[in-house]
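Below is one structure, written out as structure tokens; the observations come after it.
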Amino acid sequence: MSAPAYTGDTVIPPTPVVSVGPVVLPTPGRATDLQLRVSAPATGSELPVILLSHGLGPSNNLSSLNGYAPLVNHWAAHGFVVIQPTHLDSRTLSPNPEAQGSPHWRTRAEDMTRILNRLDAIEDAVPQLRGRLDHSRVAVAGHSMGGHTASLLLGARLTDPHDGTEVTLAEPRIKAGVLLAAPGRGGDALTEFTVENYSFFLTTDFSTMTTPALVVAGDKDDSAFLTVWGPEWHTDPYLLSPGPKSLLTLFDAEHGLGGISGYDVAETTDENPERVAAVARLASAYLRSELYPGDPAWQTEREALDADPDPLGRIASK
């Protein structure tokens, strides 16, 4: 696949998008079959794949295969196949008893591995995609709790709070990632609420997260119910992991990063379409350059941000 080219800071116009859902993968041993949405450009071949992990949050359908349209539509229109699972902690699965329990930190990551194991079946279920995916170019993206899922797939580790074993869920087929408002370190950075309800956050270890990733954090995202460290907590996946990594800090952005989880979402506290468009564009450029070494997209976007007299944010790399 030849990704849309850059001419200066301009991308060739996007292509129409085909979106199909739910695609249902029979999943014995899981509380319910795995439901997916698959979005792709209407044309093109050898298309790279982004696995997108939803967050939690108060809305029902945003935390499912039906969320994150502002990101999904942009990424699919610019040459990626985006696959969105509905994880077991989605409110759309209630009153499923298992869906009302823990946040399923392990089964979320396992959902993504299942998807990679069954890309051929997904292509068969969506005839418009058959033979068009590049199985060797796969990235993961996740927002909030989905960012935690993505970090595990990229190599972060934790200790299972139930049996004390160290857990490794790294997926070597994933070549790059984007962590959007992802949780940070554990220990004394956590609130009492987090310790009681998300005890697996206590032992997150980013030192083993070696896969290249872009970490996106809002400088007003204090997430006060989760952490006592304020907005800097969301930069931990960058600060505490080895390179190569990049950090995009968005000015005046809160947890919704301008509204990435859906169009005109009432729960978004920092509604900003320009910011959402920038997140979609910069993440797309980052993944393009990671999956296609030598592609100038990321460098082009970085230079444009540096030259902007009123930038939406800043980028650091290591």
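Residue numbering restarts at 1 in every chain; chains get A, B, ... in the order shown in the structure tokens, and ligands count up from 1 in that same order.
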Applying 8 Å and only C-alpha atoms, which residues near Ala278 of chain A remain after dropping the ones on its own chain fewer than 4 positions away? List them as a ChimeraX atom specification. /A:274,282,312
Now that the selection is made, can you save its residues with N, CA, C and O atoms as a short mmCIF file (atom, residue, chain, number, x, y, z; two decimals), in the first residue's frame?
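Output file result.cif follows:
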data_model
loop_
_atom_site.label_atom_id
_atom_site.label_comp_id
_atom_site.auth_asym_id
_atom_site.auth_seq_id
_atom_site.Cartn_x
_atom_site.Cartn_y
_atom_site.Cartn_z
N GLU A 274 -10.94 21.67 16.22
CA GLU A 274 -9.59 21.84 15.67
C GLU A 274 -8.60 20.93 16.37
O GLU A 274 -7.71 20.33 15.74
N LEU A 282 -2.13 14.08 13.37
CA LEU A 282 -0.79 13.81 13.88
C LEU A 282 -0.60 12.33 14.18
O LEU A 282 0.47 11.76 13.91
N LEU A 312 -1.24 24.25 18.73
CA LEU A 312 -2.18 23.53 19.60
C LEU A 312 -1.46 22.73 20.67
O LEU A 312 -2.07 22.28 21.63
#
Can you tell me, as JSON, numbers by chain, which residues in segment 199-264 of chain A count as strand (DSSP E or B) by DSSP? {"A": [205, 213, 214, 215, 216, 217, 218, 227, 245, 246, 247, 248, 249, 250]}
Residues within 9 Å of Val126 of chain A, only C-alpha atoms, excluding chain neighbours under 3 positions, as a ChimeraX atom specification: /A:20,23,38,121-123,129-130
Residues from last step as file, N, CA and C atoms, as a PDB file, in the first residue's frame:
ATOM      1  N   VAL A  20     -18.292  -1.261   8.386  1.00  0.00           N
ATOM      2  CA  VAL A  20     -19.185  -2.401   8.560  1.00  0.00           C
ATOM      3  C   VAL A  20     -19.197  -2.826  10.022  1.00  0.00           C
ATOM      4  N   VAL A  23     -19.381  -6.829  13.030  1.00  0.00           N
ATOM      5  CA  VAL A  23     -18.815  -8.084  12.548  1.00  0.00           C
ATOM      6  C   VAL A  23     -18.628  -8.954  13.788  1.00  0.00           C
ATOM      7  N   VAL A  38     -15.421  -2.547  11.453  1.00  0.00           N
ATOM      8  CA  VAL A  38     -14.279  -2.477  10.552  1.00  0.00           C
ATOM      9  C   VAL A  38     -14.513  -1.327   9.585  1.00  0.00           C
ATOM     10  N   ALA A 121     -10.408 -14.298   8.796  1.00  0.00           N
ATOM     11  CA  ALA A 121     -11.848 -14.447   9.012  1.00  0.00           C
ATOM     12  C   ALA A 121     -12.558 -13.102   8.919  1.00  0.00           C
ATOM     13  N   ILE A 122     -11.897 -12.045   9.396  1.00  0.00           N
ATOM     14  CA  ILE A 122     -12.483 -10.708   9.301  1.00  0.00           C
ATOM     15  C   ILE A 122     -12.588 -10.286   7.844  1.00  0.00           C
ATOM     16  N   GLU A 123     -11.565 -10.575   7.059  1.00  0.00           N
ATOM     17  CA  GLU A 123     -11.626 -10.271   5.627  1.00  0.00           C
ATOM     18  C   GLU A 123     -12.760 -11.031   4.955  1.00  0.00           C
ATOM     19  N   LEU A 129     -13.175  -6.125   1.781  1.00  0.00           N
ATOM     20  CA  LEU A 129     -11.797  -6.060   2.266  1.00  0.00           C
ATOM     21  C   LEU A 129     -10.945  -7.245   1.829  1.00  0.00           C
ATOM     22  N   ARG A 130     -11.560  -8.263   1.284  1.00  0.00           N
ATOM     23  CA  ARG A 130     -10.845  -9.516   1.057  1.00  0.00           C
ATOM     24  C   ARG A 130      -9.575  -9.286   0.229  1.00  0.00           C
TER      25      ARG A 130
END
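Residues in contact with Ala217 of chain A at 7 Å, where only C-alpha atoms are counted and same-chain residues fewer than 6 positions away are skipped, are listed as Leu180, Ala181, His234, Thr235, Leu248, Thr249 and Leu250 of chain A.
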Generate the output file for the selected residues, N, CA and C atoms, as a compact mmCIF listing (two decimals), in the first residue's frame.
# COMPACT_ATOMS: atom_id res chain seq x y z
N LEU A 180 -3.63 7.59 24.01
CA LEU A 180 -4.39 8.83 24.11
C LEU A 180 -4.93 8.99 25.53
N ALA A 181 -4.41 9.97 26.27
CA ALA A 181 -4.85 10.19 27.66
C ALA A 181 -4.79 8.90 28.46
N HIS A 234 -0.42 11.57 32.91
CA HIS A 234 -0.69 11.01 31.58
C HIS A 234 0.54 11.05 30.66
N THR A 235 1.61 11.70 31.12
CA THR A 235 2.85 11.67 30.34
C THR A 235 3.77 10.52 30.76
N LEU A 248 3.16 14.08 22.53
CA LEU A 248 2.42 15.24 22.07
C LEU A 248 1.62 15.78 23.25
N THR A 249 2.00 16.96 23.73
CA THR A 249 1.27 17.62 24.81
C THR A 249 0.35 18.66 24.18
N LEU A 250 -0.96 18.52 24.42
CA LEU A 250 -1.95 19.42 23.84
C LEU A 250 -2.32 20.50 24.85
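The smallest atom-to-atom distance between Ser63 of chain A and any of A:Gly313, A:Gly177, A:Gly218, A:Gly262, using only C-alpha atoms, is found for A:Gly262.
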Close residues, segment 255-261 of chain A itself excluded, 9 Å, only C-alpha atoms, min 6 positions apart in chain, as a PyMOL selection string: chain A and resi 54-55+62-63+67-71+143-144+180-181+216-218+220-223+267-277+279-280
When you count only C-alpha atoms, which of these residues is closest to Glu46 of chain A: A:Asn61, A:Thr194, A:Gln128, A:Ser136? A:Ser136
Using only C-alpha atoms, which residues sit within 7 Å of Val17 of chain A once same-chain residues fewer than 3 positions away are excluded, as a PyMOL selection string? chain A and resi 39-42+76-77
Quick one: of A:His87, A:His104, A:Lys318, A:Arg137, who's nearest to Leu239 of chain A, counting only C-alpha atoms?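 The shortest atom-to-atom distance to Leu239 of chain A comes from A:Lys318.
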